[in-house]
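Asks: To be precise about what I am sending: the file is called run.txt and holds compact mmCIF, C-alpha atoms and all ligand atoms.
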```txt
# COMPACT_ATOMS: atom_id res chain seq x y z
CA MET A 1 0.00 0.00 0.00
CA THR A 2 1.39 3.46 -0.84
CA MET A 3 1.60 6.05 1.93
CA GLN A 4 -1.19 7.99 0.32
CA ALA A 5 -3.43 4.91 0.10
CA ALA A 6 -2.63 4.15 3.75
CA SER A 7 -3.64 7.62 4.85
CA THR A 8 -6.86 7.50 2.79
CA GLU A 9 -7.63 4.16 4.39
CA ILE A 10 -6.99 5.62 7.86
CA ALA A 11 -9.20 8.60 7.07
CA SER A 12 -12.10 6.48 5.84
CA ARG A 13 -11.97 3.99 8.71
CA THR A 14 -11.72 6.91 11.15
CA ALA A 15 -14.73 8.61 9.52
CA ALA A 16 -16.76 5.41 9.90
CA ILE A 17 -15.93 5.23 13.64
CA ILE A 18 -16.84 8.90 14.11
CA ASP A 19 -20.17 8.41 12.33
CA GLU A 20 -21.00 5.52 14.58
CA MET A 21 -20.05 7.29 17.82
CA LYS A 22 -20.51 11.00 17.45
CA GLY A 23 -24.01 10.87 18.95
CA LEU A 24 -22.53 9.88 22.31
CA GLU A 25 -22.25 12.43 25.03
CA GLY A 26 -18.58 13.49 25.21
CA PRO A 27 -17.66 11.44 22.14
CA LEU A 28 -13.99 12.37 21.81
CA LEU A 29 -12.48 9.91 24.28
CA PRO A 30 -14.61 6.90 23.21
CA ILE A 31 -13.77 7.68 19.57
CA LEU A 32 -10.05 7.85 20.34
CA HIS A 33 -10.25 4.53 22.20
CA SER A 34 -12.03 2.90 19.26
CA ILE A 35 -9.47 4.26 16.84
CA GLN A 36 -6.65 2.91 18.96
CA GLU A 37 -8.38 -0.46 19.06
CA GLU A 38 -8.85 -0.42 15.30
CA PHE A 39 -5.29 0.55 14.35
CA GLY A 40 -3.32 -0.32 17.49
CA TYR A 41 -2.46 3.39 17.87
CA VAL A 42 -3.91 6.81 17.07
CA PRO A 43 -2.51 7.69 13.64
CA LYS A 44 -1.58 11.29 12.92
CA ASP A 45 -3.78 11.15 9.81
CA ALA A 46 -6.84 10.43 11.96
CA LEU A 47 -6.56 13.70 13.92
CA PRO A 48 -7.83 16.17 11.27
CA VAL A 49 -10.70 13.80 10.46
CA ILE A 50 -11.71 13.73 14.12
CA ALA A 51 -11.40 17.51 14.42
CA ASP A 52 -13.64 18.05 11.37
CA GLY A 53 -16.12 15.37 12.42
CA LEU A 54 -16.57 16.79 15.92
CA ASN A 55 -16.18 20.48 15.09
CA LEU A 56 -13.09 20.85 17.20
CA SER A 57 -9.81 22.49 16.36
CA ARG A 58 -6.91 20.22 15.48
CA ALA A 59 -5.02 21.66 18.44
CA GLU A 60 -7.79 20.58 20.82
CA VAL A 61 -7.76 17.01 19.50
CA HIS A 62 -4.00 16.90 19.56
CA GLY A 63 -3.99 18.23 23.13
CA VAL A 64 -6.32 15.47 24.33
CA VAL A 65 -4.33 12.74 22.58
CA SER A 66 -1.07 13.87 24.12
CA PHE A 67 -2.57 14.46 27.57
CA TYR A 68 -3.73 10.85 28.01
CA HIS A 69 -0.82 8.44 28.17
CA ASP A 70 -3.08 5.59 27.10
CA PHE A 71 -2.96 6.73 23.51
CA ARG A 72 -0.03 5.66 21.38
CA ALA A 73 1.22 7.88 18.59
CA LYS A 74 2.98 4.96 16.90
CA PRO A 75 2.16 1.28 16.39
CA ALA A 76 3.21 -0.88 19.33
CA ARG A 77 6.44 -2.75 18.91
CA ARG A 78 5.61 -6.16 17.57
CA HIS A 79 6.74 -9.08 19.70
CA VAL A 80 6.97 -12.68 18.62
CA LEU A 81 6.27 -15.24 21.32
CA LYS A 82 7.05 -18.86 20.54
CA LEU A 83 5.93 -21.64 22.84
CA CYS A 84 7.69 -24.97 22.69
CA GLN A 85 5.29 -27.79 21.89
CA ALA A 86 7.83 -30.61 21.48
CA GLU A 87 7.96 -33.75 23.57
CA ALA A 88 10.01 -32.78 26.62
CA CYS A 89 8.01 -29.60 27.07
CA GLN A 90 4.76 -31.51 26.45
CA SER A 91 5.59 -33.83 29.32
CA MET A 92 6.11 -30.80 31.57
CA GLY A 93 2.78 -29.16 30.83
CA SER A 94 3.30 -27.08 27.70
CA ASP A 95 -0.32 -27.68 26.71
CA ALA A 96 -1.54 -25.94 29.83
CA VAL A 97 0.97 -23.12 29.28
CA ALA A 98 -0.25 -22.65 25.71
CA ALA A 99 -3.88 -22.67 26.83
CA LYS A 100 -3.19 -20.01 29.44
CA VAL A 101 -1.21 -17.76 27.07
CA LYS A 102 -3.88 -18.08 24.37
CA GLN A 103 -6.57 -17.19 26.87
CA LEU A 104 -4.69 -14.17 28.24
CA LEU A 105 -3.84 -12.83 24.78
CA GLY A 106 -7.17 -13.83 23.23
CA ILE A 107 -5.48 -15.40 20.20
CA ASP A 108 -4.52 -18.83 18.89
CA PHE A 109 -1.22 -20.03 17.41
CA HIS A 110 -0.30 -18.26 14.14
CA GLU A 111 -2.37 -15.26 15.12
CA THR A 112 -1.54 -11.68 16.09
CA THR A 113 -3.39 -9.64 18.71
CA ARG A 114 -5.67 -6.96 17.31
CA ASP A 115 -3.39 -4.16 18.43
CA GLY A 116 -0.56 -5.81 16.49
CA SER A 117 1.63 -6.10 19.61
CA VAL A 118 2.25 -9.85 19.65
CA THR A 119 2.24 -12.84 17.35
CA LEU A 120 2.03 -16.30 18.88
CA GLU A 121 3.75 -19.29 17.28
CA PRO A 122 4.46 -22.88 18.28
CA VAL A 123 8.06 -24.06 18.07
CA TYR A 124 9.49 -27.57 18.24
CA CYS A 125 12.37 -27.74 20.73
CA LEU A 126 14.43 -24.76 21.71
CA GLY A 127 17.26 -26.90 23.06
CA LEU A 128 16.18 -26.01 26.57
CA CYS A 129 14.50 -29.32 27.42
CA ALA A 130 16.16 -29.45 30.84
CA CYS A 131 14.21 -26.31 31.76
CA SER A 132 10.87 -27.24 30.24
CA PRO A 133 8.34 -25.97 29.55
CA SER A 134 10.09 -23.28 27.56
CA ALA A 135 9.40 -20.38 25.28
CA MET A 136 11.20 -17.80 23.20
CA LEU A 137 10.33 -14.12 23.31
CA ASP A 138 11.86 -11.96 20.58
CA GLY A 139 14.74 -14.41 20.19
CA GLU A 140 15.43 -14.87 23.91
CA VAL A 141 14.77 -18.21 25.51
CA ILE A 142 12.82 -18.46 28.75
CA GLY A 143 12.69 -21.71 30.70
CA ARG A 144 10.60 -23.18 33.52
CA LEU A 145 7.46 -21.36 32.59
CA ASP A 146 5.00 -21.12 35.43
CA ASP A 147 1.90 -18.99 35.97
CA GLU A 148 3.93 -16.10 37.30
CA LYS A 149 6.33 -16.05 34.35
CA ILE A 150 3.49 -16.36 31.88
CA GLU A 151 1.77 -13.36 33.43
CA GLU A 152 5.02 -11.37 33.32
CA ILE A 153 5.52 -12.20 29.65
CA VAL A 154 1.97 -11.25 28.75
CA ALA A 155 2.28 -7.96 30.66
CA GLU A 156 5.54 -7.20 28.87
CA VAL A 157 4.25 -7.85 25.35
CA HIS A 158 1.11 -5.86 26.02
CA SER A 159 2.80 -2.83 27.58
S1 LIG B 1 11.21 -29.96 23.91
FE1 LIG B 1 10.88 -27.92 24.50
S2 LIG B 1 12.87 -27.16 24.63
FE2 LIG B 1 13.18 -29.16 23.92
```
Can you turn what I pasted into structure tokens?
Ligand code: FES

Replies:
Amino acid sequence: MTMQAASTEIASRTAAIIDEMKGLEGPLLPILHSIQEEFGYVPKDALPVIADGLNLSRAEVHGVVSFYHDFRAKPARRHVLKLCQAEACQSMGSDAVAAKVKQLLGIDFHETTRDGSVTLEPVYCLGLCACSPSAMLDGEVIGRLDDEKIEEIVAEVHS
């Protein structure tokens, strides 16, 4: 997609969200949240569309976006989380680990979260069988996965 096509696409998807939500009382924040959910961040190209749609100045919209730290100006860094599904890890509970990670992230293997922050993949032996069940996050191996480590990983990839 060219940059121009990407910004037209952002503008039209933003306009659709505004249409749907502008009847709400105090629509700016819910619209910004929906835009962030749609794109994974609040694109610069969405701001003038919001300003026009809500009869606000661009400076007002920009001010709100930068005031709330929840809104990202750029796409989240994409993480790749691989969970070992080979035999040694299987015997140490990798199925339960995978089920928990999938549930916390709301995705299955070979999928990416909606905000684009993490892709989940199975992997078959990371050479860390002695510390099963294991995983690899962005190229770094992590052994002896337990509930606490899983929660830490999920918090890190979603931050
Ligand atoms: S089987 Fe999982 S690291 Fe070897």

Asks: So which residues touch His158 (chain A) within 12 Å, counting only C-alpha atoms, skipping near sequence neighbours fewer than 5 positions away, as a PyMOL selection string?

Replies: chain A and resi 40+76-81+104-106+112-119+151-153

Asks: Please write the residues from the selection above to a file, keeping C-alpha atoms, as a compact mmCIF listing (two decimals), in the coordinates of the input.

Replies:
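part_6.txt, freshly written:
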```
# COMPACT_ATOMS: atom_id res chain seq x y z
CA GLY A 40 -3.32 -0.32 17.49
CA ALA A 76 3.21 -0.88 19.33
CA ARG A 77 6.44 -2.75 18.91
CA ARG A 78 5.61 -6.16 17.57
CA HIS A 79 6.74 -9.08 19.70
CA VAL A 80 6.97 -12.68 18.62
CA LEU A 81 6.27 -15.24 21.32
CA LEU A 104 -4.69 -14.17 28.24
CA LEU A 105 -3.84 -12.83 24.78
CA GLY A 106 -7.17 -13.83 23.23
CA THR A 112 -1.54 -11.68 16.09
CA THR A 113 -3.39 -9.64 18.71
CA ARG A 114 -5.67 -6.96 17.31
CA ASP A 115 -3.39 -4.16 18.43
CA GLY A 116 -0.56 -5.81 16.49
CA SER A 117 1.63 -6.10 19.61
CA VAL A 118 2.25 -9.85 19.65
CA THR A 119 2.24 -12.84 17.35
CA GLU A 151 1.77 -13.36 33.43
CA GLU A 152 5.02 -11.37 33.32
CA ILE A 153 5.52 -12.20 29.65
```

Asks: Quick check, in Å to one decimal: how far apart do CA of Leu56 (chain A) and CA of Leu29 (chain A) lie?

Replies: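 Taking CA of Leu56 (chain A) and CA of Leu29 (chain A), their separation equals 13.0 Å.
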
Asks: Show me, as a tab-separated table, the residues of chain A having an atom within 7 Å of ligand LIG 1 (chain B), each with the closest atom pair and its distance in Å, using only C-alpha atoms and all ligand atoms.

Replies:
```
residue	atom	partner	partner_atom	distance
A:Cys84	CA	B:LIG1	FE1	4.7
A:Gln85	CA	B:LIG1	FE1	6.2
A:Ala86	CA	B:LIG1	S1	4.2
A:Glu87	CA	B:LIG1	S1	5.0
A:Ala88	CA	B:LIG1	S1	4.1
A:Cys89	CA	B:LIG1	FE1	4.2
A:Tyr124	CA	B:LIG1	S1	6.4
A:Cys125	CA	B:LIG1	FE2	3.6
A:Leu126	CA	B:LIG1	S2	4.1
A:Gly127	CA	B:LIG1	S2	4.7
A:Leu128	CA	B:LIG1	S2	4.0
A:Cys129	CA	B:LIG1	FE2	3.7
A:Ser132	CA	B:LIG1	FE1	5.8
A:Pro133	CA	B:LIG1	FE1	6.0
A:Ser134	CA	B:LIG1	S2	5.6
```

Asks: Write a file of the just-selected residues containing C-alpha atoms, as a PDB file, in the coordinates of the input.

Replies:
```pdb
ATOM      1  CA  CYS A  84       7.690 -24.970  22.690  1.00  0.00           C
ATOM      2  CA  GLN A  85       5.290 -27.790  21.890  1.00  0.00           C
ATOM      3  CA  ALA A  86       7.830 -30.610  21.480  1.00  0.00           C
ATOM      4  CA  GLU A  87       7.960 -33.750  23.570  1.00  0.00           C
ATOM      5  CA  ALA A  88      10.010 -32.780  26.620  1.00  0.00           C
ATOM      6  CA  CYS A  89       8.010 -29.600  27.070  1.00  0.00           C
ATOM      7  CA  TYR A 124       9.490 -27.570  18.240  1.00  0.00           C
ATOM      8  CA  CYS A 125      12.370 -27.740  20.730  1.00  0.00           C
ATOM      9  CA  LEU A 126      14.430 -24.760  21.710  1.00  0.00           C
ATOM     10  CA  GLY A 127      17.260 -26.900  23.060  1.00  0.00           C
ATOM     11  CA  LEU A 128      16.180 -26.010  26.570  1.00  0.00           C
ATOM     12  CA  CYS A 129      14.500 -29.320  27.420  1.00  0.00           C
ATOM     13  CA  SER A 132      10.870 -27.240  30.240  1.00  0.00           C
ATOM     14  CA  PRO A 133       8.340 -25.970  29.550  1.00  0.00           C
ATOM     15  CA  SER A 134      10.090 -23.280  27.560  1.00  0.00           C
TER      16      SER A 134
END
```

Asks: My list of candidates is A:Met21, A:Val101, A:Ile50, A:Glu140. Which is closest to Val64 (chain A) when distances are computed with only C-alpha atoms?

Replies: A:Ile50

Asks: Using all atoms of region 134-151 of chain A listed in the file and a margin of 6 Å per side, can you give the axis-aligned box centre and edge lengths in Å to one decimal, as lines of an AutoDock Vina configuration file?

Replies:
```
center_x = 8.6
center_y = -17.6
center_z = 28.7
size_x = 25.7
size_y = 23.3
size_z = 29.1
```

Asks: With distances taken over only C-alpha atoms, which residue among A:Ala11, A:Val49, A:Val97, A:Leu54 lies nearest Glu25 (chain A)?

Replies: A:Leu54

Asks: Extract, using only C-alpha atoms, all DNA, RNA and protein residues at most 10 Å from Ile31 (chain A), discarding same-chain residues fewer than 6 positions from it, and format them as a ChimeraX atom specification.

Replies: /A:14,17-22,24,37,50

Asks: Under the rule that only C-alpha atoms are counted, which of A:Val61, A:Leu137, A:Ala15, A:Leu83 is the nearest residue to Pro122 (chain A)?

Replies: A:Leu83

Asks: Using all atoms listed in the file, which of the listed residues (A:Lys82, A:Gly93, A:Gln103, A:His62) sits closest to Met136 (chain A)?

Replies: A:Lys82

Asks: Check the smallest atom-to-atom distance from each of A:Ala73, A:Leu120, A:Ala98, A:Val157 to Val42 (chain A) using all atoms listed in the file, then report the winner.

Replies: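 Nearest candidate to Val42 (chain A) out of A:Ala73, A:Leu120, A:Ala98, A:Val157: A:Ala73.
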
Asks: Between A:Leu28, A:Ile107, A:Ala96, A:Lys149, single out the one closest to Gly63 (chain A), counting only C-alpha atoms.

Replies: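 Among the listed residues, the smallest separation from Gly63 (chain A) belongs to A:Leu28.
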
Asks: Take CA of Phe67 (chain A) and CA of Gly26 (chain A) and report the distance between them in Å, one decimal.

Replies: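 Pair CA of Phe67 (chain A) / CA of Gly26 (chain A) returns 16.2 Å.
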
Asks: Between CA of His33 (chain A) and CA of Lys102 (chain A), what is the distance in Å, rounded to a tenth?

Replies: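 Taking CA of His33 (chain A) and CA of Lys102 (chain A), their separation equals 23.6 Å.
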
Asks: Please provide as a list of chain:residue names all residues within 12 Å of Glu9 (chain A), with the sequence filter that same-chain residues fewer than 4 positions apart are discarded (counting only C-alpha atoms).

Replies: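 In the requested format, the answer is A:Met1, A:Thr2, A:Met3, A:Gln4, A:Ala5, A:Arg13, A:Thr14, A:Ala15, A:Ala16, A:Glu38, A:Phe39, A:Pro43, A:Asp45, A:Ala46, A:Val49.
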